[in-house]
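Dumped target_30.txt below, it's compact mmCIF, N, CA and C atoms:
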# COMPACT_ATOMS: atom_id res chain seq x y z
N MET T 250 17.95 0.35 30.50
CA MET T 250 16.55 0.73 30.35
C MET T 250 16.13 0.52 28.89
N GLU T 251 15.06 -0.21 28.68
CA GLU T 251 14.60 -0.53 27.33
C GLU T 251 13.63 0.53 26.83
N GLU T 252 13.85 0.96 25.61
CA GLU T 252 13.00 1.98 25.01
C GLU T 252 11.78 1.31 24.38
N THR T 253 10.60 1.83 24.65
CA THR T 253 9.39 1.27 24.04
C THR T 253 9.10 2.01 22.74
N VAL T 254 8.75 1.25 21.71
CA VAL T 254 8.46 1.82 20.40
C VAL T 254 6.96 2.08 20.33
N ARG T 255 6.60 3.31 19.96
CA ARG T 255 5.19 3.66 19.86
C ARG T 255 4.55 3.08 18.60
N TYR T 256 5.29 3.12 17.49
CA TYR T 256 4.74 2.62 16.23
C TYR T 256 5.85 2.07 15.34
N TYR T 257 5.42 1.30 14.34
CA TYR T 257 6.33 0.76 13.32
C TYR T 257 5.85 1.30 11.99
N GLU T 258 6.80 1.78 11.17
CA GLU T 258 6.43 2.47 9.94
C GLU T 258 6.94 1.73 8.71
N GLY T 259 6.13 1.75 7.66
CA GLY T 259 6.52 1.18 6.37
C GLY T 259 6.06 2.10 5.25
N ILE T 260 6.89 2.24 4.23
CA ILE T 260 6.56 3.08 3.09
C ILE T 260 6.22 2.17 1.91
N GLY T 261 5.08 2.42 1.28
CA GLY T 261 4.68 1.65 0.11
C GLY T 261 4.46 2.57 -1.07
N ARG T 262 4.87 2.11 -2.26
CA ARG T 262 4.70 2.92 -3.47
C ARG T 262 4.13 2.06 -4.59
N ARG T 263 3.35 2.69 -5.46
CA ARG T 263 2.83 2.04 -6.66
C ARG T 263 2.41 3.13 -7.62
N LYS T 264 2.84 3.03 -8.88
CA LYS T 264 2.58 4.05 -9.90
C LYS T 264 3.01 5.43 -9.37
N ARG T 265 2.09 6.37 -9.21
CA ARG T 265 2.44 7.70 -8.70
C ARG T 265 2.03 7.88 -7.24
N SER T 266 1.62 6.80 -6.58
CA SER T 266 1.15 6.86 -5.19
C SER T 266 2.26 6.53 -4.21
N SER T 267 2.22 7.20 -3.07
CA SER T 267 3.16 6.91 -1.99
C SER T 267 2.37 6.91 -0.68
N ALA T 268 2.51 5.83 0.08
CA ALA T 268 1.75 5.69 1.32
C ALA T 268 2.70 5.45 2.49
N ARG T 269 2.55 6.26 3.55
CA ARG T 269 3.30 6.07 4.79
C ARG T 269 2.35 5.42 5.79
N VAL T 270 2.66 4.16 6.13
CA VAL T 270 1.78 3.37 6.99
C VAL T 270 2.43 3.20 8.35
N ARG T 271 1.69 3.48 9.40
CA ARG T 271 2.16 3.27 10.77
C ARG T 271 1.22 2.32 11.49
N ILE T 272 1.80 1.31 12.15
CA ILE T 272 0.98 0.42 12.97
C ILE T 272 1.34 0.66 14.43
N TYR T 273 0.32 0.70 15.26
CA TYR T 273 0.47 0.96 16.69
C TYR T 273 0.04 -0.28 17.47
N PRO T 274 0.99 -1.16 17.80
CA PRO T 274 0.62 -2.35 18.58
C PRO T 274 0.59 -2.02 20.07
N SER T 275 -0.50 -2.32 20.71
CA SER T 275 -0.59 -2.13 22.17
C SER T 275 -1.71 -3.01 22.71
N ALA T 276 -1.75 -3.13 24.02
CA ALA T 276 -2.76 -3.97 24.65
C ALA T 276 -4.16 -3.41 24.45
N GLU T 277 -4.28 -2.07 24.35
CA GLU T 277 -5.61 -1.46 24.20
C GLU T 277 -5.95 -1.11 22.75
N SER T 278 -5.32 -1.78 21.77
CA SER T 278 -5.63 -1.54 20.36
C SER T 278 -7.06 -1.97 20.05
N THR T 279 -7.73 -1.13 19.27
CA THR T 279 -9.12 -1.40 18.91
C THR T 279 -9.26 -1.88 17.47
N GLY T 280 -8.16 -1.88 16.72
CA GLY T 280 -8.23 -2.27 15.31
C GLY T 280 -8.63 -1.11 14.42
N GLU T 281 -8.48 0.12 14.92
CA GLU T 281 -8.83 1.31 14.16
C GLU T 281 -7.93 1.43 12.93
N PHE T 282 -8.52 1.75 11.76
CA PHE T 282 -7.80 1.85 10.51
C PHE T 282 -8.18 3.18 9.86
N THR T 283 -7.28 4.17 9.88
CA THR T 283 -7.59 5.48 9.31
C THR T 283 -6.67 5.77 8.13
N VAL T 284 -7.22 6.45 7.13
CA VAL T 284 -6.46 6.87 5.95
C VAL T 284 -6.68 8.36 5.77
N ASN T 285 -5.60 9.13 5.84
CA ASN T 285 -5.65 10.59 5.73
C ASN T 285 -6.71 11.20 6.68
N GLY T 286 -6.78 10.66 7.89
CA GLY T 286 -7.70 11.18 8.90
C GLY T 286 -9.13 10.68 8.79
N ARG T 287 -9.43 9.87 7.78
CA ARG T 287 -10.78 9.34 7.61
C ARG T 287 -10.77 7.83 7.79
N ASP T 288 -11.94 7.25 8.05
CA ASP T 288 -12.04 5.80 8.17
C ASP T 288 -11.71 5.16 6.83
N VAL T 289 -11.07 3.99 6.87
CA VAL T 289 -10.60 3.32 5.66
C VAL T 289 -11.75 3.00 4.70
N LYS T 290 -12.90 2.59 5.21
CA LYS T 290 -14.03 2.22 4.35
C LYS T 290 -14.71 3.45 3.76
N GLU T 291 -14.50 4.60 4.38
CA GLU T 291 -15.00 5.86 3.82
C GLU T 291 -14.05 6.35 2.72
N TYR T 292 -12.74 6.19 2.92
CA TYR T 292 -11.74 6.65 1.95
C TYR T 292 -11.71 5.74 0.72
N PHE T 293 -11.81 4.41 0.93
CA PHE T 293 -11.83 3.44 -0.15
C PHE T 293 -13.20 2.75 -0.18
N PRO T 294 -14.21 3.35 -0.82
CA PRO T 294 -15.56 2.78 -0.78
C PRO T 294 -15.77 1.59 -1.71
N ARG T 295 -14.89 1.38 -2.69
CA ARG T 295 -15.08 0.26 -3.62
C ARG T 295 -14.99 -1.07 -2.88
N PHE T 296 -15.74 -2.05 -3.34
CA PHE T 296 -15.89 -3.31 -2.62
C PHE T 296 -14.58 -4.05 -2.39
N GLY T 297 -13.77 -4.27 -3.41
CA GLY T 297 -12.58 -5.09 -3.28
C GLY T 297 -11.36 -4.40 -2.67
N ASP T 298 -11.39 -3.07 -2.60
CA ASP T 298 -10.21 -2.34 -2.13
C ASP T 298 -9.83 -2.68 -0.70
N TYR T 299 -10.81 -2.76 0.19
CA TYR T 299 -10.51 -3.06 1.59
C TYR T 299 -9.94 -4.46 1.74
N ILE T 300 -10.43 -5.40 0.95
CA ILE T 300 -9.92 -6.78 1.00
C ILE T 300 -8.45 -6.82 0.58
N ILE T 301 -8.11 -6.07 -0.48
CA ILE T 301 -6.73 -6.04 -0.98
C ILE T 301 -5.80 -5.40 0.03
N LEU T 302 -6.15 -4.21 0.54
CA LEU T 302 -5.21 -3.51 1.41
C LEU T 302 -5.13 -4.07 2.82
N SER T 303 -6.12 -4.83 3.24
CA SER T 303 -6.04 -5.46 4.56
C SER T 303 -5.48 -6.88 4.48
N GLY T 304 -5.07 -7.31 3.29
CA GLY T 304 -4.51 -8.64 3.09
C GLY T 304 -3.38 -9.00 4.04
N PRO T 305 -2.36 -8.12 4.21
CA PRO T 305 -1.28 -8.45 5.13
C PRO T 305 -1.74 -8.67 6.57
N LEU T 306 -2.73 -7.89 7.02
CA LEU T 306 -3.26 -8.06 8.38
C LEU T 306 -4.01 -9.38 8.51
N THR T 307 -4.81 -9.71 7.50
CA THR T 307 -5.59 -10.93 7.53
C THR T 307 -4.69 -12.17 7.51
N ASP T 308 -3.69 -12.16 6.62
CA ASP T 308 -2.81 -13.31 6.47
C ASP T 308 -1.93 -13.56 7.70
N THR T 309 -1.58 -12.50 8.44
CA THR T 309 -0.74 -12.66 9.63
C THR T 309 -1.58 -12.71 10.91
N GLU T 310 -2.90 -12.70 10.75
CA GLU T 310 -3.83 -12.75 11.89
C GLU T 310 -3.60 -11.62 12.88
N MET T 311 -3.30 -10.42 12.35
CA MET T 311 -3.09 -9.23 13.18
C MET T 311 -4.30 -8.29 13.12
N MET T 312 -5.33 -8.68 12.38
CA MET T 312 -6.52 -7.85 12.25
C MET T 312 -7.15 -7.62 13.62
N GLY T 313 -7.33 -6.35 13.99
CA GLY T 313 -7.93 -6.01 15.27
C GLY T 313 -6.94 -5.93 16.41
N LYS T 314 -5.68 -6.38 16.20
CA LYS T 314 -4.68 -6.35 17.26
C LYS T 314 -3.80 -5.11 17.20
N VAL T 315 -3.85 -4.40 16.08
CA VAL T 315 -3.05 -3.18 15.91
C VAL T 315 -3.93 -2.07 15.34
N ASP T 316 -3.60 -0.84 15.70
CA ASP T 316 -4.22 0.32 15.09
C ASP T 316 -3.36 0.73 13.90
N VAL T 317 -3.99 1.13 12.80
CA VAL T 317 -3.25 1.49 11.59
C VAL T 317 -3.59 2.91 11.19
N SER T 318 -2.55 3.69 10.90
CA SER T 318 -2.71 5.06 10.42
C SER T 318 -1.94 5.20 9.11
N VAL T 319 -2.61 5.72 8.07
CA VAL T 319 -2.01 5.82 6.75
C VAL T 319 -2.10 7.25 6.24
N HIS T 320 -1.01 7.73 5.63
CA HIS T 320 -1.00 9.02 4.93
C HIS T 320 -0.61 8.74 3.49
N ILE T 321 -1.50 9.08 2.55
CA ILE T 321 -1.27 8.80 1.14
C ILE T 321 -1.15 10.10 0.37
N GLN T 322 -0.25 10.08 -0.64
CA GLN T 322 -0.12 11.21 -1.55
C GLN T 322 -0.06 10.68 -2.97
N GLY T 323 -0.72 11.37 -3.89
CA GLY T 323 -0.61 11.11 -5.31
C GLY T 323 -1.34 9.88 -5.81
N GLY T 324 -1.43 9.80 -7.14
CA GLY T 324 -1.97 8.62 -7.79
C GLY T 324 -3.48 8.52 -7.73
N GLY T 325 -3.96 7.38 -8.20
CA GLY T 325 -5.40 7.10 -8.21
C GLY T 325 -5.75 6.04 -7.19
N ILE T 326 -6.97 5.58 -7.24
CA ILE T 326 -7.47 4.65 -6.23
C ILE T 326 -6.71 3.32 -6.26
N THR T 327 -6.51 2.74 -7.43
CA THR T 327 -5.83 1.44 -7.53
C THR T 327 -4.39 1.53 -7.06
N GLY T 328 -3.67 2.56 -7.48
CA GLY T 328 -2.29 2.75 -7.05
C GLY T 328 -2.18 2.96 -5.55
N GLN T 329 -3.11 3.73 -5.01
CA GLN T 329 -3.09 3.99 -3.57
C GLN T 329 -3.38 2.72 -2.78
N THR T 330 -4.30 1.90 -3.27
CA THR T 330 -4.62 0.64 -2.59
C THR T 330 -3.39 -0.26 -2.51
N SER T 331 -2.69 -0.41 -3.63
CA SER T 331 -1.50 -1.26 -3.66
C SER T 331 -0.36 -0.67 -2.83
N ALA T 332 -0.26 0.65 -2.79
CA ALA T 332 0.78 1.31 -1.99
C ALA T 332 0.54 1.06 -0.50
N VAL T 333 -0.71 1.13 -0.07
CA VAL T 333 -1.04 0.89 1.34
C VAL T 333 -0.73 -0.56 1.70
N ARG T 334 -1.06 -1.48 0.81
CA ARG T 334 -0.81 -2.91 1.05
C ARG T 334 0.68 -3.18 1.25
N LEU T 335 1.52 -2.62 0.40
CA LEU T 335 2.96 -2.81 0.52
C LEU T 335 3.50 -2.15 1.78
N GLY T 336 3.06 -0.93 2.08
CA GLY T 336 3.51 -0.23 3.28
C GLY T 336 3.10 -0.96 4.55
N LEU T 337 1.92 -1.52 4.56
CA LEU T 337 1.43 -2.27 5.71
C LEU T 337 2.26 -3.53 5.92
N ALA T 338 2.58 -4.23 4.83
CA ALA T 338 3.40 -5.44 4.93
C ALA T 338 4.79 -5.11 5.45
N ARG T 339 5.37 -4.01 4.97
CA ARG T 339 6.71 -3.60 5.43
C ARG T 339 6.70 -3.21 6.90
N ALA T 340 5.65 -2.55 7.35
CA ALA T 340 5.53 -2.18 8.76
C ALA T 340 5.40 -3.42 9.64
N LEU T 341 4.64 -4.42 9.18
CA LEU T 341 4.49 -5.66 9.95
C LEU T 341 5.81 -6.41 10.07
N VAL T 342 6.65 -6.36 9.02
CA VAL T 342 7.96 -7.01 9.08
C VAL T 342 8.86 -6.31 10.10
N LYS T 343 8.77 -4.97 10.17
CA LYS T 343 9.54 -4.25 11.18
C LYS T 343 9.06 -4.60 12.59
N TYR T 344 7.76 -4.82 12.72
CA TYR T 344 7.19 -5.19 14.01
C TYR T 344 7.64 -6.59 14.43
N ASP T 345 7.57 -7.55 13.51
CA ASP T 345 7.96 -8.93 13.79
C ASP T 345 8.62 -9.54 12.56
N GLU T 346 9.93 -9.71 12.61
CA GLU T 346 10.71 -10.23 11.48
C GLU T 346 10.25 -11.63 11.05
N ASN T 347 9.64 -12.39 11.95
CA ASN T 347 9.18 -13.75 11.64
C ASN T 347 8.03 -13.78 10.64
N MET T 348 7.38 -12.64 10.43
CA MET T 348 6.26 -12.57 9.47
C MET T 348 6.75 -12.46 8.03
N ARG T 349 8.04 -12.19 7.83
CA ARG T 349 8.57 -11.94 6.49
C ARG T 349 8.29 -13.10 5.52
N GLY T 350 8.53 -14.32 5.94
CA GLY T 350 8.33 -15.49 5.06
C GLY T 350 6.90 -15.63 4.59
N LEU T 351 5.95 -15.48 5.51
CA LEU T 351 4.54 -15.60 5.17
C LEU T 351 4.11 -14.48 4.23
N LEU T 352 4.51 -13.24 4.56
CA LEU T 352 4.14 -12.10 3.72
C LEU T 352 4.78 -12.20 2.33
N ARG T 353 6.00 -12.70 2.26
CA ARG T 353 6.69 -12.88 0.98
C ARG T 353 5.96 -13.95 0.14
N ALA T 354 5.59 -15.05 0.78
CA ALA T 354 4.91 -16.14 0.08
C ALA T 354 3.55 -15.70 -0.48
N LYS T 355 2.86 -14.84 0.23
CA LYS T 355 1.55 -14.35 -0.21
C LYS T 355 1.67 -13.20 -1.23
N GLY T 356 2.91 -12.71 -1.46
CA GLY T 356 3.13 -11.66 -2.45
C GLY T 356 2.93 -10.25 -1.96
N HIS T 357 2.86 -10.07 -0.64
CA HIS T 357 2.62 -8.73 -0.09
C HIS T 357 3.87 -7.86 -0.06
N LEU T 358 5.05 -8.46 -0.12
CA LEU T 358 6.29 -7.68 -0.02
C LEU T 358 6.91 -7.36 -1.38
N THR T 359 6.23 -7.71 -2.46
CA THR T 359 6.74 -7.46 -3.80
C THR T 359 6.18 -6.14 -4.32
N ARG T 360 7.08 -5.21 -4.68
CA ARG T 360 6.63 -3.94 -5.21
C ARG T 360 6.27 -4.10 -6.67
N ASP T 361 5.10 -3.60 -7.05
CA ASP T 361 4.67 -3.65 -8.44
C ASP T 361 5.35 -2.51 -9.19
N GLY T 362 6.30 -2.81 -10.04
CA GLY T 362 7.12 -1.81 -10.70
C GLY T 362 6.51 -1.21 -11.95
N ARG T 363 5.30 -1.61 -12.32
CA ARG T 363 4.69 -1.08 -13.54
C ARG T 363 4.31 0.38 -13.37
N ILE T 364 4.85 1.22 -14.22
CA ILE T 364 4.50 2.64 -14.20
C ILE T 364 4.16 3.07 -15.62
N LYS T 365 3.59 4.25 -15.76
CA LYS T 365 3.21 4.76 -17.07
C LYS T 365 4.46 5.02 -17.90
N GLU T 366 4.43 4.52 -19.13
CA GLU T 366 5.57 4.70 -20.03
C GLU T 366 5.55 6.12 -20.60
N ARG T 367 6.74 6.71 -20.78
CA ARG T 367 6.79 8.09 -21.26
C ARG T 367 6.45 8.19 -22.74
N LYS T 368 5.97 9.37 -23.14
CA LYS T 368 5.64 9.63 -24.54
C LYS T 368 6.94 9.88 -25.31
N LYS T 369 7.05 9.24 -26.50
CA LYS T 369 8.24 9.41 -27.33
C LYS T 369 8.00 10.48 -28.39
N PRO T 370 9.07 11.19 -28.80
CA PRO T 370 8.92 12.22 -29.85
C PRO T 370 8.45 11.60 -31.16
N GLY T 371 7.56 12.29 -31.85
CA GLY T 371 7.07 11.81 -33.14
C GLY T 371 5.90 10.86 -33.03
N LEU T 372 5.57 10.41 -31.79
CA LEU T 372 4.44 9.51 -31.59
C LEU T 372 3.32 10.27 -30.88
N LYS T 373 2.10 9.72 -31.00
CA LYS T 373 0.96 10.35 -30.35
C LYS T 373 0.94 10.05 -28.85
N ARG T 374 1.29 8.80 -28.51
CA ARG T 374 1.40 8.38 -27.11
C ARG T 374 2.72 7.64 -26.98
N ALA T 375 2.86 6.81 -25.99
CA ALA T 375 4.12 6.11 -25.77
C ALA T 375 4.49 5.23 -26.96
N ARG T 376 3.49 4.54 -27.57
CA ARG T 376 3.78 3.64 -28.68
C ARG T 376 2.90 3.87 -29.90
N LYS T 377 1.87 4.69 -29.79
CA LYS T 377 0.93 4.90 -30.90
C LYS T 377 1.53 5.85 -31.93
N ALA T 378 1.72 5.32 -33.13
CA ALA T 378 2.29 6.13 -34.20
C ALA T 378 1.18 6.83 -34.98
N PRO T 379 1.52 7.94 -35.64
CA PRO T 379 0.52 8.59 -36.49
C PRO T 379 0.10 7.67 -37.62
N THR T 380 -1.11 7.85 -38.15
CA THR T 380 -1.62 7.01 -39.22
C THR T 380 -0.78 7.18 -40.48
N TYR T 381 -0.39 6.07 -41.08
CA TYR T 381 0.41 6.11 -42.31
C TYR T 381 -0.47 6.49 -43.49
N THR T 382 -0.02 7.44 -44.32
CA THR T 382 -0.74 7.78 -45.55
C THR T 382 0.21 7.65 -46.72
N LYS T 383 -0.26 7.04 -47.78
CA LYS T 383 0.60 6.82 -48.93
C LYS T 383 0.82 8.13 -49.70
N ARG T 384 -0.21 8.97 -49.78
CA ARG T 384 -0.09 10.26 -50.47
C ARG T 384 -0.41 11.41 -49.56
Target format structure tokens, applied to this file:
Amino acid sequence: MEETVRYYEGIGRRKRSSARVRIYPSAESTGEFTVNGRDVKEYFPRFGDYIILSGPLTDTEMMGKVDVSVHIQGGGITGQTSAVRLGLARALVKYDENMRGLLRAKGHLTRDGRIKERKKPGLKRARKAPTYTKR
């Protein structure tokens, strides 16, 4: 007896943001995209954000064929957008391993490792030194 999978999950992270993305592939999928219980365009109102985070769906031609549910914690808008994009790409790879090459080529499976650098002792910020005075 074959077990049917209800959803495929991918975790995406960027800066201080962490996004748990679940895709629900089924015959009656409407293409619904929710983030923390709200519609994606309501949660991310900025113009380019939806284009960035829906990139994996657009590139694999899965837009409208799966329902997407996202839970995000931490970070700001830009970090959350990139976290959702990575989580969505990882979930699509779990759904269909053949999508890995296309998603990798488009850069959707690469985690952006840039994070805020820590403040060092004796400095004002991570690299900003106090003003030098001769006397």
For this session: Would you mind reading off the distance between atom C of Gly304 in chain T and atom C of Val342 in chain T, one decimal, in Å?
Result: 13.9 Å
For this session: Take the point (-7.9, 8.3, -0.7) in the file's coordinates, draw a sphere of radius 8 Å around it, and report as an MDAnalysis selection string every protein, DNA or RNA residue with an atom inside or on it, counting only N, CA and C atoms.
Result: chainID T and resid 284:285 291:293 321:322 325:326 329:330
For this session: Just give me the gap between CA of Lys383 in chain T and CA of Glu366 in chain T in Å, one decimal is fine.
Result: 29.4 Å
For this session: Considering only C-alpha atoms, state which residue in the set T:Ala378, T:Ala340, T:Met311, T:Ile300 is at the smallest distance from Ser278 in chain T.
Result: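 Result for the nearest residue to Ser278 in chain T: T:Met311.
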Exercise. Which polymer residues have any atom within 8 Å of an atom of Leu335 in chain T, counting only C-alpha atoms, with same-chain residues fewer than 2 positions away left out, as a VMD selection string?
Worked result: chain T and resid 259 to 262 331 to 333 337 to 339 357 to 360
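For the pair atom C of Tyr344 in chain T and atom N of Pro274 in chain T, the separation is 9.2 Å.
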Problem set entry | Those of chain T in DSSP strand (DSSP E), formatted as an MDAnalysis selection string | chainID T and resid 257:263 266:274 282:284 287:288 315:322
Problem set entry | Exercise: Leu351 in chain T partners within 12 Å, only C-alpha atoms, chain neighbours under 2 positions left out, as a PyMOL selection string | chain T and resi 304-310+338+341-342+345-349+353-358
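Closest approach to Leu302 in chain T from the set T:Gly328, T:Pro379, T:Gly362, T:Gly350 is made by T:Gly328, with distances taken over only C-alpha atoms.
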For this session: Among the residues of chain T, find those DSSP assigns to alpha helix (DSSP H) from the backbone and print them as a PyMOL selection string.
Result: chain T and resi 289-292+296-302+304-308+326-344+349-354
For this session: Go through T:Lys343, T:Arg376, T:Arg363, T:Lys369 and flag the residue nearest Arg271 in chain T, using only C-alpha atoms for the distances.
Result: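 Using only C-alpha atoms, the shortest distance to Arg271 in chain T belongs to T:Lys343.
For the residues T:His320, T:Arg334, T:Lys368, T:Asp298, ranking by smallest atom-to-atom distance to Val270 in chain T using only N, CA and C atoms places T:His320 first.
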For this session: Using only N, CA and C atoms, find the one residue out of T:Ala375, T:Leu352, T:Ile272, T:Val315 that sits nearest to Arg255 in chain T.
Result: T:Ile272
Seminar exercise, completed: Using only C-alpha atoms, the shortest atom-to-atom distance to Tyr257 in chain T among T:Arg295, T:Arg269, T:Arg384, T:Lys314 belongs to T:Arg269
Once 5 Å is added on each side, what centre and edge lengths in Å to one decimal does the axis-aligned box around all listed atoms of range 256-259 of chain T have, as lines of an AutoDock Vina configuration file?
center_x = 5.8
center_y = 1.9
center_z = 11.4
size_x = 12.2
size_y = 12.4
size_z = 22.2
